[in-house]
Every structure is written in structure tokens, then in C-alpha cells.
$ cat work22.txt   # compact mmCIF, C-alpha atoms
# COMPACT_ATOMS: atom_id res chain seq x y z
CA MET A 1 0.00 0.00 0.00
CA LYS A 2 2.88 2.38 0.76
CA LYS A 3 4.40 1.80 -2.68
CA LEU A 4 1.12 2.66 -4.39
CA SER A 5 0.78 5.85 -2.35
CA ALA A 6 4.29 6.88 -3.26
CA ARG A 7 3.55 6.56 -6.94
CA ARG A 8 0.46 8.78 -6.84
CA ARG A 9 0.85 12.09 -8.74
CA HIS A 10 0.21 15.46 -7.19
CA PRO A 11 -3.31 16.80 -8.02
CA LEU A 12 -1.82 19.82 -9.84
CA ALA A 13 0.48 17.69 -11.97
CA ALA A 14 -2.16 17.29 -14.70
CA VAL A 15 -2.74 21.04 -14.81
CA VAL A 16 0.99 21.71 -15.19
CA VAL A 17 1.24 19.17 -18.01
CA LEU A 18 -1.77 20.76 -19.77
CA LEU A 19 -0.29 24.28 -19.53
CA LEU A 20 3.02 23.04 -20.90
CA ALA A 21 1.23 21.43 -23.82
CA LEU A 22 -0.73 24.61 -24.52
CA ALA A 23 2.44 26.67 -24.39
CA CYS A 24 4.11 24.39 -26.90
CA THR A 25 1.19 24.52 -29.34
CA GLY A 26 0.36 28.20 -28.98
CA GLY A 27 -2.74 27.44 -26.96
CA LEU A 28 -1.93 30.05 -24.34
CA TYR A 29 -2.28 32.72 -27.04
CA VAL A 30 -5.73 31.40 -27.85
CA LEU A 31 -6.70 31.61 -24.18
CA PHE A 32 -5.51 35.17 -23.67
CA ALA A 33 -5.88 36.66 -27.17
CA PRO A 34 -9.58 37.68 -26.81
CA THR A 35 -8.67 40.08 -24.03
CA ASP A 36 -5.91 41.60 -26.15
CA LYS A 37 -8.26 41.86 -29.13
CA ALA A 38 -10.91 43.60 -27.05
CA ALA A 39 -8.32 46.06 -25.79
CA ALA A 40 -7.11 46.68 -29.36
CA ASP A 41 -10.70 47.28 -30.55
CA GLU A 42 -11.28 49.70 -27.70
CA THR A 43 -8.09 51.57 -28.57
CA ALA A 44 -9.06 51.75 -32.24
CA GLN A 45 -12.50 53.09 -31.30
CA SER A 46 -10.93 55.73 -29.06
CA LEU A 47 -8.64 56.82 -31.87
CA ALA A 48 -11.60 56.99 -34.29
CA ILE A 49 -13.51 59.19 -31.83
CA THR A 50 -10.49 61.47 -31.38
CA GLU A 51 -9.99 61.88 -35.14
CA GLY A 52 -13.73 62.30 -35.66
CA LYS A 53 -13.82 65.09 -33.09
CA LYS A 54 -11.10 66.92 -35.03
CA LEU A 55 -13.06 66.58 -38.28
CA TYR A 56 -16.22 67.71 -36.51
CA ALA A 57 -14.53 70.83 -35.14
CA VAL A 58 -13.51 71.88 -38.65
CA GLY A 59 -16.59 70.98 -40.70
CA CYS A 60 -19.59 70.81 -38.36
CA ALA A 61 -19.14 72.73 -35.10
CA SER A 62 -19.94 76.14 -36.61
CA CYS A 63 -23.58 75.08 -37.11
CA HIS A 64 -24.13 72.20 -34.67
CA GLY A 65 -22.19 73.57 -31.69
CA THR A 66 -18.81 72.60 -30.28
CA GLY A 67 -20.28 69.63 -28.45
CA GLY A 68 -23.03 68.68 -30.89
CA GLN A 69 -25.65 70.41 -28.75
CA GLY A 70 -27.03 72.33 -31.72
CA SER A 71 -27.52 76.03 -32.37
CA SER A 72 -29.79 78.41 -34.25
CA ASP A 73 -28.10 77.27 -37.47
CA GLY A 74 -28.27 73.50 -36.94
CA PRO A 75 -30.06 70.89 -34.83
CA SER A 76 -28.58 68.91 -31.96
CA LEU A 77 -26.68 65.79 -32.99
CA VAL A 78 -26.90 64.07 -29.62
CA GLY A 79 -28.56 60.69 -30.16
CA VAL A 80 -28.82 60.84 -33.97
CA GLY A 81 -26.46 57.88 -34.27
CA ALA A 82 -23.89 56.73 -36.79
CA ALA A 83 -26.53 56.00 -39.46
CA ALA A 84 -27.55 59.66 -39.67
CA VAL A 85 -23.92 60.74 -40.10
CA ASP A 86 -23.23 58.09 -42.73
CA PHE A 87 -26.32 59.19 -44.69
CA GLN A 88 -25.95 62.97 -44.44
CA VAL A 89 -22.19 63.10 -45.01
CA GLY A 90 -22.07 60.14 -47.39
CA THR A 91 -24.59 61.78 -49.74
CA GLY A 92 -22.85 65.16 -49.58
CA ARG A 93 -25.76 66.89 -47.88
CA MET A 94 -23.51 67.73 -44.97
CA PRO A 95 -21.64 69.95 -44.50
CA ALA A 96 -24.28 72.20 -46.07
CA GLN A 97 -23.20 74.84 -48.58
CA GLN A 98 -25.89 77.28 -47.51
CA PRO A 99 -29.10 77.27 -45.46
CA GLY A 100 -32.38 76.67 -47.24
CA ALA A 101 -35.73 74.95 -47.13
CA GLN A 102 -33.97 71.67 -47.92
CA ILE A 103 -30.34 70.66 -48.28
CA PRO A 104 -29.83 68.92 -51.65
CA LYS A 105 -27.54 66.02 -52.42
CA LYS A 106 -24.12 66.99 -53.75
CA LYS A 107 -20.64 65.57 -54.27
CA ASN A 108 -19.19 64.04 -51.11
CA ILE A 109 -15.97 65.66 -49.82
CA TYR A 110 -15.06 63.04 -47.19
CA THR A 111 -13.58 59.58 -47.56
CA GLN A 112 -15.46 56.64 -46.07
CA ALA A 113 -12.78 56.34 -43.37
CA GLU A 114 -13.35 59.97 -42.37
CA ILE A 115 -17.12 59.45 -42.37
CA ASP A 116 -16.65 56.47 -40.06
CA GLN A 117 -14.56 58.61 -37.72
CA LEU A 118 -17.19 61.36 -37.67
CA ALA A 119 -19.86 58.73 -37.03
CA ALA A 120 -17.81 57.31 -34.15
CA TYR A 121 -17.57 60.74 -32.52
CA ILE A 122 -21.27 61.55 -32.95
CA SER A 123 -22.19 58.12 -31.59
CA SER A 124 -20.12 58.85 -28.50
CA LEU A 125 -22.41 61.81 -27.74
CA GLY A 126 -25.47 59.59 -27.40
CA ALA A 127 -26.83 56.26 -28.58
CA GLY A 128 -28.67 56.18 -31.91
CA PRO A 129 -29.23 54.04 -35.03
CA SER A 130 -26.09 52.28 -36.22
CA VAL A 131 -24.89 51.91 -39.81
CA PRO A 132 -26.70 48.90 -41.36
CA THR A 133 -24.88 45.86 -42.67
CA ASP A 134 -25.14 44.42 -46.16
CA ALA A 135 -27.28 41.61 -44.77
CA GLN A 136 -29.88 44.18 -43.68
CA TYR A 137 -30.30 46.05 -46.96
CA GLY A 138 -29.08 43.46 -49.49
CA PRO A 139 -31.50 41.75 -51.92
CA GLN A 140 -31.11 38.29 -50.40
CA GLY A 141 -34.46 37.03 -49.09
CA ALA A 142 -36.39 40.17 -50.08
CA ASP A 143 -40.06 40.09 -51.13
CA ILE A 144 -40.44 42.59 -53.99
CA ALA A 145 -44.24 42.40 -54.09
CA LYS A 146 -44.48 43.08 -50.36
CA GLY A 147 -41.98 45.91 -50.76
CA GLY A 148 -44.15 47.51 -53.43
CA GLU A 149 -47.18 47.33 -51.16
CA LEU A 150 -45.27 48.89 -48.26
CA PHE A 151 -43.78 51.61 -50.46
CA ARG A 152 -47.14 52.62 -51.94
CA THR A 153 -48.62 52.75 -48.44
CA ASN A 154 -45.86 54.67 -46.66
CA CYS A 155 -43.73 56.47 -49.25
CA ALA A 156 -45.54 57.06 -52.55
CA GLN A 157 -47.40 60.14 -51.27
CA CYS A 158 -44.14 62.06 -51.46
CA HIS A 159 -41.74 60.03 -53.60
CA ASN A 160 -44.22 58.92 -56.32
CA PHE A 161 -45.21 55.26 -56.69
CA THR A 162 -41.96 54.38 -58.46
CA GLY A 163 -39.69 56.62 -56.39
CA LYS A 164 -39.26 59.38 -58.98
CA GLY A 165 -39.68 62.09 -56.35
CA GLY A 166 -42.11 64.97 -56.10
CA ALA A 167 -42.68 68.52 -54.91
CA LEU A 168 -43.67 69.40 -51.35
CA THR A 169 -44.66 72.70 -49.74
CA HIS A 170 -42.53 75.80 -49.06
CA GLY A 171 -39.74 74.90 -51.46
CA LYS A 172 -39.23 71.39 -50.12
CA PHE A 173 -39.20 68.24 -52.22
CA ALA A 174 -38.98 64.47 -52.03
CA PRO A 175 -35.85 63.43 -53.96
CA ASP A 176 -35.66 60.92 -56.79
CA LEU A 177 -34.65 57.51 -55.42
CA GLU A 178 -33.33 56.06 -58.67
CA GLY A 179 -29.66 55.14 -58.39
CA VAL A 180 -29.45 55.86 -54.65
CA ASN A 181 -27.19 53.53 -52.68
CA PRO A 182 -29.37 50.90 -50.92
CA LYS A 183 -27.49 51.56 -47.68
CA HIS A 184 -28.46 55.22 -47.81
CA ILE A 185 -32.12 54.35 -48.47
CA TYR A 186 -32.09 52.10 -45.40
CA GLU A 187 -30.44 54.83 -43.31
CA ALA A 188 -32.99 57.40 -44.48
CA MET A 189 -35.81 55.14 -43.32
CA GLN A 190 -34.02 54.66 -39.99
CA THR A 191 -33.28 58.31 -39.27
CA GLY A 192 -35.88 60.39 -41.16
CA PRO A 193 -33.65 63.09 -42.67
CA GLN A 194 -34.98 66.64 -43.12
CA ASN A 195 -38.69 66.48 -44.04
CA MET A 196 -38.97 62.69 -44.07
CA PRO A 197 -40.50 60.85 -41.10
CA SER A 198 -38.42 58.11 -39.50
CA PHE A 199 -39.42 54.46 -39.73
CA PRO A 200 -37.75 52.62 -36.83
CA ASP A 201 -37.91 48.85 -36.55
CA SER A 202 -41.06 49.18 -34.46
CA THR A 203 -42.78 50.74 -37.50
CA LEU A 204 -41.00 49.04 -40.40
CA SER A 205 -38.98 45.97 -39.52
CA THR A 206 -35.57 45.19 -41.00
CA GLN A 207 -37.28 42.79 -43.41
CA ASN A 208 -39.80 45.46 -44.42
CA LYS A 209 -36.98 47.89 -45.23
CA LYS A 210 -35.19 45.22 -47.21
CA ASP A 211 -38.40 44.54 -49.19
CA ILE A 212 -38.87 48.23 -50.01
CA ILE A 213 -35.28 48.58 -51.23
CA ALA A 214 -35.70 45.49 -53.41
CA TYR A 215 -38.91 46.97 -54.90
CA LEU A 216 -37.19 50.25 -55.77
CA ASP A 217 -34.39 48.35 -57.46
CA ALA A 218 -36.93 46.29 -59.40
CA VAL A 219 -38.87 49.28 -60.75
CA ASN A 220 -35.84 51.48 -61.45
CA GLY A 221 -33.17 48.95 -62.42
CA ASP A 222 -31.39 48.87 -65.75
CA ASP A 223 -33.31 45.74 -66.79
CA THR A 224 -36.73 47.06 -65.81
CA GLU A 225 -39.34 46.82 -68.57
CA SER A 226 -42.36 49.10 -69.00
CA PRO A 227 -45.22 46.94 -70.32
CA GLY A 228 -47.34 50.04 -70.88
CA GLY A 229 -44.86 51.56 -73.32
CA LEU A 230 -43.55 55.08 -72.79
CA GLU A 231 -43.52 55.63 -69.03
CA LEU A 232 -43.11 59.44 -69.17
CA GLY A 233 -40.79 59.39 -66.19
CA GLY A 234 -43.20 57.34 -64.12
CA LEU A 235 -44.71 60.59 -62.82
CA GLY A 236 -48.30 59.42 -63.15
CA PRO A 237 -51.35 61.43 -64.24
CA VAL A 238 -49.60 64.83 -64.26
CA SER A 239 -47.17 63.99 -67.05
CA GLU A 240 -49.74 61.81 -68.83
CA GLY A 241 -52.31 64.61 -68.72
CA LEU A 242 -49.78 67.14 -69.98
CA PHE A 243 -48.86 64.77 -72.81
CA ALA A 244 -52.55 64.41 -73.72
CA TRP A 245 -53.11 68.15 -73.73
CA ILE A 246 -50.05 69.06 -75.78
CA PHE A 247 -50.08 66.26 -78.33
CA GLY A 248 -53.71 65.14 -78.21
CA LEU A 249 -55.27 68.60 -78.29
CA GLY A 250 -52.59 69.76 -80.73
CA ALA A 251 -53.46 66.91 -83.09
CA LEU A 252 -57.18 67.80 -82.89
CA ILE A 253 -56.42 71.44 -83.71
CA ALA A 254 -54.25 70.38 -86.65
CA VAL A 255 -57.04 68.13 -87.99
CA ALA A 256 -59.60 70.94 -87.56
CA VAL A 257 -57.39 73.38 -89.49
CA TRP A 258 -56.86 70.80 -92.23
CA VAL A 259 -60.61 70.14 -92.53
CA ALA A 260 -61.38 73.87 -92.63
CA ALA A 261 -58.77 74.41 -95.34
CA ARG A 262 -60.14 71.54 -97.42
CA THR A 263 -63.70 72.83 -97.02
CA ALA A 264 -62.74 76.36 -98.10
CA LYS A 265 -60.90 74.99 -101.10
CA ALA A 266 -63.88 72.84 -102.10
CA LYS A 267 -66.21 75.85 -101.96
CA LYS A 268 -63.96 77.90 -104.21
CA SER A 269 -63.82 75.17 -106.78

$ encode --input "work22.txt" --output "C-alpha cells"
Amino acid sequence: MKKLSARRRHPLAAVVVLLLALACTGGLYVLFAPTDKAAADETAQSLAITEGKKLYAVGCASCHGTGGQGSSDGPSLVGVGAAAVDFQVGTGRMPAQQPGAQIPKKKNIYTQAEIDQLAAYISSLGAGPSVPTDAQYGPQGADIAKGGELFRTNCAQCHNFTGKGGALTHGKFAPDLEGVNPKHIYEAMQTGPQNMPSFPDSTLSTQNKKDIIAYLDAVNGDDTESPGGLELGGLGPVSEGLFAWIFGLGALIAVAVWVAARTAKAKKS
């Protein structure tokens, strides 16, 4: 019995052997790497916020305040989230060239990396909608028919039933949605820029937004066919009525003049 007891290993011997094996195979790195990665991510985020604050001070603070609190020239940015920054700056609407009833889209002056830094800083001021992923706005799994129904119910009053845009009151307008980046359409629905109401997930789910984006691509894509012939910009009864008045009424007047001329000539003969 004494010999058997002498041969028993210490309870920690197995642990020591396991650690040695992990050290030899790089397993210790696997155990401790997540902490290092989290620290690296946190450092990168801090750097992005710092750089974004510098960009904000140069291009945004004059209207939105030094701390994003807003002023008489621009609204507060606290709580608008990264999605609002990515949309407004990514479409060139911000920084604005001049005040007006509505800020139009223009050429973007920031790189995507700079936009991400600005978004990181604004997000640090207060939680808000984040920038969507490709899985959220991509065409995979979208229901185009459902998207058309949702768009006609919620959006067509301003944007026209095919997204061609339209006029609003007091110099405002709903922009044309043809050729707009799907990510920006999703962000617009999330954040409700300028005169547009917001459609959070409680109103339109992620799937609903995906369906609407797929519908807009279907009706305005390069391969879209118009079974009715000339679509006249897809503007509906206004353009169709104008076409009827100009060409239809014009044709009737031309026929009437021709008939009158023929009648007068017949009487002379």
C-alpha cells in the first residue's frame, strides 16, 4: 500500500502538463488573445472618436455647436447615431453649402474612413441608429411584391409610386430615389432626414426595409421593362395629362385646321 501511495501524482500535476502542452502549441495565445483583441478594438474606437472630433470641429461645429448640442443654425446631434452621419455626409448633404428649405444632395468631400470617424464621434455623444450591414439592406431574401405594397402605403405620397420624387410645400421636395445607394435608403428610413419621417424597426422591420429597397431596385433597375410603353418618367397622371393636352389637343387642332382648309378649297372650286 505504501508503494502505491508513493507513486500517486500530485493533483496539480495534470494542470501543469496541460499548460506546458498549450504553451508548446500556442494554446496560451488562444486563451488570452480575446482580451488583447478587445483592448485593441477599444483603442481603435478611441482613436476613431479622437480623429472624428477633429473633423467635426472643422466641418460641423460652426452650425451644430462645439459639443453637438445644436444652435440656431443646426439641430442637436446628440442621439442621432452613426446611421444619420453616414447618410448625411455620405450623400454630400452635410456639410451644407448654404441654409435653405432643404439641403440637396451633392458631391461628397469626405472619404469613407473619415465618415466612419465622424460617425464614431457623434455616436459617443449619445446612442442612436447604427450603420446597417449588407445583410440588412441586401437583396437576399427580399419580397419585392411586399416591398411595393409597403412603399405605396408609406412612401408614394411624397416620392411617387416608383420613387421618382415629387414637390412638397414651401420649397421642399422628395428626392428621386433612382440610383441611390441601398445603404443610404435604409439609413434614411431609420433616421428620417430633413422632411422625411423616420421608420424605426417598431414601425417598419428590418425585413420590411429590405423589401422596399428590393422593390425600388426592381422598378428602377437597368433591366426594368415598361409593359405600358412610354412611361413618361413614371410621374403618373400629371405627365400623362400634360402629354394628352399638348399632343392630343394639338393633333385635334391640326385636324380641324386641315378640314377647314379643305372645305374652303372645295367651296372655291

$ residues_around --input "work22.txt" --residues "Leu125 in chain A" --least-positions-apart "6" --cutoff "8 Å" --atoms "only C-alpha atoms" --output "tab-separated table (two decimals) with C-alpha atoms, in the coordinates of the input"
chain	number	residue	atom	x	y	z
A	68	GLY	CA	-23.03	68.68	-30.89
A	77	LEU	CA	-26.68	65.79	-32.99
A	78	VAL	CA	-26.90	64.07	-29.62
A	79	GLY	CA	-28.56	60.69	-30.16

$ residues_near_point --input "work22.txt" --point "(-11.3, 56.6, -43.2)" --cutoff "12 Å" --atoms "all atoms listed in the file" --output "PyMOL selection string"
chain A and resi 47-49+51-52+55+110-120

$ write_last_selection --input "work22.txt" --atoms "C-alpha atoms" --output "PDB file, keeping the file's coordinate frame"
ATOM      1  CA  LEU A  47      -8.640  56.820 -31.870  1.00  0.00           C
ATOM      2  CA  ALA A  48     -11.600  56.990 -34.290  1.00  0.00           C
ATOM      3  CA  ILE A  49     -13.510  59.190 -31.830  1.00  0.00           C
ATOM      4  CA  GLU A  51      -9.990  61.880 -35.140  1.00  0.00           C
ATOM      5  CA  GLY A  52     -13.730  62.300 -35.660  1.00  0.00           C
ATOM      6  CA  LEU A  55     -13.060  66.580 -38.280  1.00  0.00           C
ATOM      7  CA  TYR A 110     -15.060  63.040 -47.190  1.00  0.00           C
ATOM      8  CA  THR A 111     -13.580  59.580 -47.560  1.00  0.00           C
ATOM      9  CA  GLN A 112     -15.460  56.640 -46.070  1.00  0.00           C
ATOM     10  CA  ALA A 113     -12.780  56.340 -43.370  1.00  0.00           C
ATOM     11  CA  GLU A 114     -13.350  59.970 -42.370  1.00  0.00           C
ATOM     12  CA  ILE A 115     -17.120  59.450 -42.370  1.00  0.00           C
ATOM     13  CA  ASP A 116     -16.650  56.470 -40.060  1.00  0.00           C
ATOM     14  CA  GLN A 117     -14.560  58.610 -37.720  1.00  0.00           C
ATOM     15  CA  LEU A 118     -17.190  61.360 -37.670  1.00  0.00           C
ATOM     16  CA  ALA A 119     -19.860  58.730 -37.030  1.00  0.00           C
ATOM     17  CA  ALA A 120     -17.810  57.310 -34.150  1.00  0.00           C
TER      18      ALA A 120
END

$ atom_distance --input "work22.txt" --atom1 "CA of Gln45 in chain A" --atom2 "CA of Ser124 in chain A"
10.0 Å

$ residues_near_point --input "work22.txt" --point "(-30.9, 53.3, -61.5)" --cutoff "6 Å" --atoms "all atoms listed in the file" --output "list in words"
Glu178, Gly179, Asn220 and Gly221 of chain A

$ residues_around --input "work22.txt" --residues "range 194-211 of chain A" --least-positions-apart "6" --cutoff "7 Å" --atoms "only C-alpha atoms" --output "MDAnalysis selection string"
chainID A and resid 136:139 142:144 146:147 186

$ closest_residue --input "work22.txt" --among "A:Gly92, A:Gly241, A:Gly171, A:Pro132" --to "Ile185 in chain A" --atoms "all atoms listed in the file"
A:Pro132

$ atom_distance --input "work22.txt" --atom1 "CA of Gly81 in chain A" --atom2 "CA of Ser123 in chain A"
5.0 Å

$ closest_residue --input "work22.txt" --among "A:Ala44, A:Ile212, A:Leu168, A:Ala156" --to "Pro182 in chain A" --atoms "only C-alpha atoms"
A:Ile212

$ decode --input "work22.txt" --residues "range 90-197 of chain A" --atoms "C-alpha atoms" --output "short mmCIF file (atom, residue, chain, number, x, y, z; two decimals), in the first residue's frame"
data_model
loop_
_atom_site.label_atom_id
_atom_site.label_comp_id
_atom_site.auth_asym_id
_atom_site.auth_seq_id
_atom_site.Cartn_x
_atom_site.Cartn_y
_atom_site.Cartn_z
CA GLY A 90 -22.07 60.14 -47.39
CA THR A 91 -24.59 61.78 -49.74
CA GLY A 92 -22.85 65.16 -49.58
CA ARG A 93 -25.76 66.89 -47.88
CA MET A 94 -23.51 67.73 -44.97
CA PRO A 95 -21.64 69.95 -44.50
CA ALA A 96 -24.28 72.20 -46.07
CA GLN A 97 -23.20 74.84 -48.58
CA GLN A 98 -25.89 77.28 -47.51
CA PRO A 99 -29.10 77.27 -45.46
CA GLY A 100 -32.38 76.67 -47.24
CA ALA A 101 -35.73 74.95 -47.13
CA GLN A 102 -33.97 71.67 -47.92
CA ILE A 103 -30.34 70.66 -48.28
CA PRO A 104 -29.83 68.92 -51.65
CA LYS A 105 -27.54 66.02 -52.42
CA LYS A 106 -24.12 66.99 -53.75
CA LYS A 107 -20.64 65.57 -54.27
CA ASN A 108 -19.19 64.04 -51.11
CA ILE A 109 -15.97 65.66 -49.82
CA TYR A 110 -15.06 63.04 -47.19
CA THR A 111 -13.58 59.58 -47.56
CA GLN A 112 -15.46 56.64 -46.07
CA ALA A 113 -12.78 56.34 -43.37
CA GLU A 114 -13.35 59.97 -42.37
CA ILE A 115 -17.12 59.45 -42.37
CA ASP A 116 -16.65 56.47 -40.06
CA GLN A 117 -14.56 58.61 -37.72
CA LEU A 118 -17.19 61.36 -37.67
CA ALA A 119 -19.86 58.73 -37.03
CA ALA A 120 -17.81 57.31 -34.15
CA TYR A 121 -17.57 60.74 -32.52
CA ILE A 122 -21.27 61.55 -32.95
CA SER A 123 -22.19 58.12 -31.59
CA SER A 124 -20.12 58.85 -28.50
CA LEU A 125 -22.41 61.81 -27.74
CA GLY A 126 -25.47 59.59 -27.40
CA ALA A 127 -26.83 56.26 -28.58
CA GLY A 128 -28.67 56.18 -31.91
CA PRO A 129 -29.23 54.04 -35.03
CA SER A 130 -26.09 52.28 -36.22
CA VAL A 131 -24.89 51.91 -39.81
CA PRO A 132 -26.70 48.90 -41.36
CA THR A 133 -24.88 45.86 -42.67
CA ASP A 134 -25.14 44.42 -46.16
CA ALA A 135 -27.28 41.61 -44.77
CA GLN A 136 -29.88 44.18 -43.68
CA TYR A 137 -30.30 46.05 -46.96
CA GLY A 138 -29.08 43.46 -49.49
CA PRO A 139 -31.50 41.75 -51.92
CA GLN A 140 -31.11 38.29 -50.40
CA GLY A 141 -34.46 37.03 -49.09
CA ALA A 142 -36.39 40.17 -50.08
CA ASP A 143 -40.06 40.09 -51.13
CA ILE A 144 -40.44 42.59 -53.99
CA ALA A 145 -44.24 42.40 -54.09
CA LYS A 146 -44.48 43.08 -50.36
CA GLY A 147 -41.98 45.91 -50.76
CA GLY A 148 -44.15 47.51 -53.43
CA GLU A 149 -47.18 47.33 -51.16
CA LEU A 150 -45.27 48.89 -48.26
CA PHE A 151 -43.78 51.61 -50.46
CA ARG A 152 -47.14 52.62 -51.94
CA THR A 153 -48.62 52.75 -48.44
CA ASN A 154 -45.86 54.67 -46.66
CA CYS A 155 -43.73 56.47 -49.25
CA ALA A 156 -45.54 57.06 -52.55
CA GLN A 157 -47.40 60.14 -51.27
CA CYS A 158 -44.14 62.06 -51.46
CA HIS A 159 -41.74 60.03 -53.60
CA ASN A 160 -44.22 58.92 -56.32
CA PHE A 161 -45.21 55.26 -56.69
CA THR A 162 -41.96 54.38 -58.46
CA GLY A 163 -39.69 56.62 -56.39
CA LYS A 164 -39.26 59.38 -58.98
CA GLY A 165 -39.68 62.09 -56.35
CA GLY A 166 -42.11 64.97 -56.10
CA ALA A 167 -42.68 68.52 -54.91
CA LEU A 168 -43.67 69.40 -51.35
CA THR A 169 -44.66 72.70 -49.74
CA HIS A 170 -42.53 75.80 -49.06
CA GLY A 171 -39.74 74.90 -51.46
CA LYS A 172 -39.23 71.39 -50.12
CA PHE A 173 -39.20 68.24 -52.22
CA ALA A 174 -38.98 64.47 -52.03
CA PRO A 175 -35.85 63.43 -53.96
CA ASP A 176 -35.66 60.92 -56.79
CA LEU A 177 -34.65 57.51 -55.42
CA GLU A 178 -33.33 56.06 -58.67
CA GLY A 179 -29.66 55.14 -58.39
CA VAL A 180 -29.45 55.86 -54.65
CA ASN A 181 -27.19 53.53 -52.68
CA PRO A 182 -29.37 50.90 -50.92
CA LYS A 183 -27.49 51.56 -47.68
CA HIS A 184 -28.46 55.22 -47.81
CA ILE A 185 -32.12 54.35 -48.47
CA TYR A 186 -32.09 52.10 -45.40
CA GLU A 187 -30.44 54.83 -43.31
CA ALA A 188 -32.99 57.40 -44.48
CA MET A 189 -35.81 55.14 -43.32
CA GLN A 190 -34.02 54.66 -39.99
CA THR A 191 -33.28 58.31 -39.27
CA GLY A 192 -35.88 60.39 -41.16
CA PRO A 193 -33.65 63.09 -42.67
CA GLN A 194 -34.98 66.64 -43.12
CA ASN A 195 -38.69 66.48 -44.04
CA MET A 196 -38.97 62.69 -44.07
CA PRO A 197 -40.50 60.85 -41.10
#
